[in-house]
Amino acid sequence: MKISKLNIALLVVGLLAPLVIYPVFLMKVLCFALFASAFNLLLGFVGLLSFGHAAFLATGGYITGYMVQSMGLTPGLGILAGTAAAGLLGAVYGKLAVKREGIYFAMVTLALAQLIFFLYLQAPFTGGEDGMQGIPRGHLLGFIDLSNNMAMYYFVFAIFLFGFWMIHRTIHSPFGQILKAIRENEPRAISLGYNVNQYKWAAFVISATLAGLAGSTKTLVFQLASLTDAHWHMSGEVVLMTLLGGMGTIFGPLVGATTVVGIQNYLSGGELGNYVHIIMGLIFVVCVLAFRGGLVGEFQKFVKKNFS
Amino acid sequence: MFDINLFGLFGQLLVGLINGSFYALLSLGLAIIFGLLRIINFAQGAMYMLGAFGAWLGLHYLGINYWVALFVVPLFVGGIGVLMERYLLRPIANEDHLYSLLLTFGLALALQGVFTHAFGSSGLSYNIPEALKGGNRLPFMYLPNYRAWIIVASLVVCGATWYMIEKTKLGAYLRAGTENPALMQAFGINVPLIVTATFGFGVALAGLAGVLAAPVYSVSPDMGSNILIVVFAIVVIGGMGSIGGAILTGLGMGVVEGLTKYFYPEASTTVIFAVMVIVLLTKPAGLFGKET
């Protein structure tokens, strides 16, 4: 009962927020929250640390941008194409990455993502260092003009809810229970007869697809697809959002993404702009040393200790 | 294919060997640290960058010349490594190893940020020391002295490290600590001290690589992260099972990269990652790795 009340409250906040806060900022938060939630599915619920999720965000972004700008696809179809491309890439990368565990998994995903970074740097359709600019938002279903920020916001909000619901369903399905079993005790899951690598791969594909959805949506919001999204900094940022919010919690990535995007926005305006990476790095260190549950995780612990 | 320009080919081969020397030093450091601590030091690239900046700052502010820097800077960087292990990594040594990866990643990010803030991202230049200026004209190529020095120095350091770990008593302690730290402790050997020293040594190797690199690459804040990701791929290719394997894979991949630059330059940035994919498909544990 408590959770559903919280869900409704968040839904209402999401619906009313653009009346108070600048919608473009909110859309950025929602895109990164979806990205971090997709990443958290892998880290928090299967225990796999991917250091290459930027590849899927960028693939979603570039393919959507190309489809909408050069092929003249509608925004809806463009997002579908970008998401599908990221999912395909995830299927290939996942097959390679699940061959190794733990620290090797992190290194393999990082290296594969760097491969994608260099491909996008050299590929003719991405615009190299300049990226793709001026991607039109177009009309949703032919009649909703997305160049209006309010219309765009509710479209992004709907996409976010869909992605969030997908992750929620995955975690609470029998499939999700097996993922958690793999996280807790992999040898035991193997001994019970589960094909562990197959499950890890499936989780990887779902995570990559939703990360691609976040990238596709982000491209339409900012009408821009650039190499920043493919850079390893981006892979690190999504790790930070998840860690700061609380890995393995449903709402952690949402809180983490809001906090990180908020900090970045705040810093980039002022004279502290040069310190962004230093501050992000220090937050990492502090989180790991003293705050491993993240904001949501520590809060839950606090509530459990004092109110039950 | 038959009108191969020998000068060009050997030139790229030399560049490959030099890159390979740095890959070897860095992956050797990673392998030593991994062997005992079971963690990957994401800040290894930042320590390499610190080594290069250390040499530059020493020269410009303290008048420390290259030869002194070659000894002092790695000691300094190793000292930072010792502090890092003692005060940041040890408290979380019993947690999931992913946390130490994240911690070192955060440190790398912060260090790179500090240097970008202080020196900008354009890069500084460091002059080749007087004694190593000039070069020799060989029948098939021109060999600058400093480049030859990098290869020789790196081979000597890698060889000495290999010898120390595989053939000496200290090395035997280290290998035993890798196998069974609890038993070692029971025999009265101070394992935490060995762990700290090992981490410091692994990091010092990165600092040394940084000093060696300062005169050939531009000294810039992102020099570490760029090379580190390639080194990670090399570590996956070689597997971290053996010290010799890390050295050989590092050098070998440098040569592969150099040859690619000659025959098909467009793929030179991606070839090592492509090799990694092939190795993952055919021999997932790596060329020198043991299946665990």
# chains A, B, ... in the order shown; residues from 1 in each chain; ligands from 1
call {"tool": "interface_residues", "arguments": {"of": "chain A", "to": "chain B", "cutoff": "8 Å", "atoms": "only C-alpha atoms", "output": "VMD selection string"}}
result
chain A and resid 49 96 99 to 100 102 to 104 107 to 108 110 to 112 114 to 115 118 to 119 274 to 285 288 to 289
call {"tool": "select_by_dssp", "arguments": {"residues": "stretch 26-175 of chain B", "states": "helix (DSSP H, G or I)", "output": "PyMOL selection string"}}
result
chain B and resi 26-37+44-62+66-92+97-119+130-132+145-167+169-175
call {"tool": "closest_residue", "arguments": {"among": "B:Leu155, B:Val211, B:Ala197, B:Phe34", "to": "B:Leu59", "atoms": "only C-alpha atoms"}}
result
B:Val211
call {"tool": "closest_residue", "arguments": {"among": "A:Phe45, A:Leu220, A:Glu184, A:Leu77", "to": "A:Leu141", "atoms": "only C-alpha atoms"}}
result
A:Leu77
call {"tool": "residues_around", "arguments": {"residues": "A:Val238", "least_positions_apart": "6", "cutoff": "10 Å", "atoms": "only C-alpha atoms", "output": "PyMOL selection string"}}
result
chain A and resi 32-33+35-40+50-54+244+253+256-257+260
call {"tool": "write_last_selection", "arguments": {"atoms": "C-alpha atoms", "output": "mmCIF file, in the first residue's frame"}}
result
data_model
loop_
_atom_site.group_PDB
_atom_site.id
_atom_site.type_symbol
_atom_site.label_atom_id
_atom_site.label_comp_id
_atom_site.auth_asym_id
_atom_site.auth_seq_id
_atom_site.Cartn_x
_atom_site.Cartn_y
_atom_site.Cartn_z
ATOM 1 C CA PHE A 32 19.181 10.295 -17.498
ATOM 2 C CA ALA A 33 16.916 8.723 -14.893
ATOM 3 C CA PHE A 35 19.412 5.635 -18.537
ATOM 4 C CA ALA A 36 20.496 5.089 -14.930
ATOM 5 C CA SER A 37 17.529 2.815 -14.204
ATOM 6 C CA ALA A 38 18.423 0.674 -17.213
ATOM 7 C CA PHE A 39 22.011 0.522 -16.001
ATOM 8 C CA ASN A 40 20.871 -0.323 -12.473
ATOM 9 C CA SER A 50 29.172 -2.354 -17.121
ATOM 10 C CA PHE A 51 31.607 0.438 -17.838
ATOM 11 C CA GLY A 52 30.418 0.814 -21.411
ATOM 12 C CA HIS A 53 26.781 1.858 -21.272
ATOM 13 C CA ALA A 54 27.579 5.084 -23.101
ATOM 14 C CA LEU A 244 24.854 7.906 -5.457
ATOM 15 C CA PRO A 253 18.760 5.809 -10.072
ATOM 16 C CA GLY A 256 20.845 9.835 -8.323
ATOM 17 C CA ALA A 257 20.183 11.137 -11.833
ATOM 18 C CA VAL A 260 23.857 14.608 -10.599
#
call {"tool": "atom_distance", "arguments": {"atom1": "atom CA of B:Gly45", "atom2": "atom CA of B:Val219"}}
result
12.8 Å
call {"tool": "select_by_dssp", "arguments": {"residues": "stretch 78-169 of chain B", "states": "strand (DSSP E)", "output": "PyMOL selection string"}}
result
chain B and resi 135-137+142-144
call {"tool": "write_last_selection", "arguments": {"atoms": "N, CA and C atoms", "output": "PDB file, in the first residue's frame"}}
result
ATOM      1  N   GLY B 135      70.417  10.980 -33.297  1.00  0.00           N
ATOM      2  CA  GLY B 135      70.012   9.624 -33.628  1.00  0.00           C
ATOM      3  C   GLY B 135      70.989   8.995 -34.588  1.00  0.00           C
ATOM      4  N   ASN B 136      70.690   7.758 -34.966  1.00  0.00           N
ATOM      5  CA  ASN B 136      71.573   7.038 -35.876  1.00  0.00           C
ATOM      6  C   ASN B 136      70.842   6.662 -37.151  1.00  0.00           C
ATOM      7  N   ARG B 137      71.579   6.757 -38.269  1.00  0.00           N
ATOM      8  CA  ARG B 137      70.982   6.324 -39.529  1.00  0.00           C
ATOM      9  C   ARG B 137      71.345   4.866 -39.754  1.00  0.00           C
ATOM     10  N   TYR B 142      65.788   5.580 -39.742  1.00  0.00           N
ATOM     11  CA  TYR B 142      66.473   6.521 -38.871  1.00  0.00           C
ATOM     12  C   TYR B 142      66.009   6.239 -37.452  1.00  0.00           C
ATOM     13  N   LEU B 143      66.955   6.018 -36.535  1.00  0.00           N
ATOM     14  CA  LEU B 143      66.600   5.652 -35.165  1.00  0.00           C
ATOM     15  C   LEU B 143      67.009   6.759 -34.199  1.00  0.00           C
ATOM     16  N   PRO B 144      66.030   7.567 -33.736  1.00  0.00           N
ATOM     17  CA  PRO B 144      66.375   8.612 -32.762  1.00  0.00           C
ATOM     18  C   PRO B 144      66.814   7.956 -31.451  1.00  0.00           C
TER      19      PRO B 144
END
call {"tool": "residues_around", "arguments": {"residues": "B:Tyr48", "least_positions_apart": "2", "cutoff": "12 Å", "atoms": "only C-alpha atoms", "output": "ChimeraX atom specification"}}
result
/B:22-23,25-27,29-30,41-46,50-55,73-74,76-78,81,108,111-112,202-214,219-228
call {"tool": "residues_around", "arguments": {"residues": "B:Phe10", "least_positions_apart": "4", "cutoff": "8 Å", "atoms": "only C-alpha atoms", "output": "PyMOL selection string"}}
result
chain B and resi 6+14+140-141
call {"tool": "decode", "arguments": {"residues": "stretch 135-153 of chain B", "atoms": "C-alpha atoms", "output": "PDB file, in the first residue's frame"}}
result
ATOM      1  CA  GLY B 135      70.012   9.624 -33.628  1.00  0.00           C
ATOM      2  CA  ASN B 136      71.573   7.038 -35.876  1.00  0.00           C
ATOM      3  CA  ARG B 137      70.982   6.324 -39.529  1.00  0.00           C
ATOM      4  CA  LEU B 138      70.557   2.591 -39.933  1.00  0.00           C
ATOM      5  CA  PRO B 139      70.434   0.984 -43.411  1.00  0.00           C
ATOM      6  CA  PHE B 140      66.654   0.750 -43.329  1.00  0.00           C
ATOM      7  CA  MET B 141      65.562   3.525 -41.011  1.00  0.00           C
ATOM      8  CA  TYR B 142      66.473   6.521 -38.871  1.00  0.00           C
ATOM      9  CA  LEU B 143      66.600   5.652 -35.165  1.00  0.00           C
ATOM     10  CA  PRO B 144      66.375   8.612 -32.762  1.00  0.00           C
ATOM     11  CA  ASN B 145      68.400   7.928 -29.614  1.00  0.00           C
ATOM     12  CA  TYR B 146      65.629   8.800 -27.192  1.00  0.00           C
ATOM     13  CA  ARG B 147      63.244   6.316 -28.786  1.00  0.00           C
ATOM     14  CA  ALA B 148      65.831   3.577 -28.593  1.00  0.00           C
ATOM     15  CA  TRP B 149      66.321   4.496 -24.924  1.00  0.00           C
ATOM     16  CA  ILE B 150      62.623   4.111 -24.160  1.00  0.00           C
ATOM     17  CA  ILE B 151      62.598   0.599 -25.574  1.00  0.00           C
ATOM     18  CA  VAL B 152      65.790  -0.421 -23.769  1.00  0.00           C
ATOM     19  CA  ALA B 153      64.724   1.130 -20.449  1.00  0.00           C
TER      20      ALA B 153
END
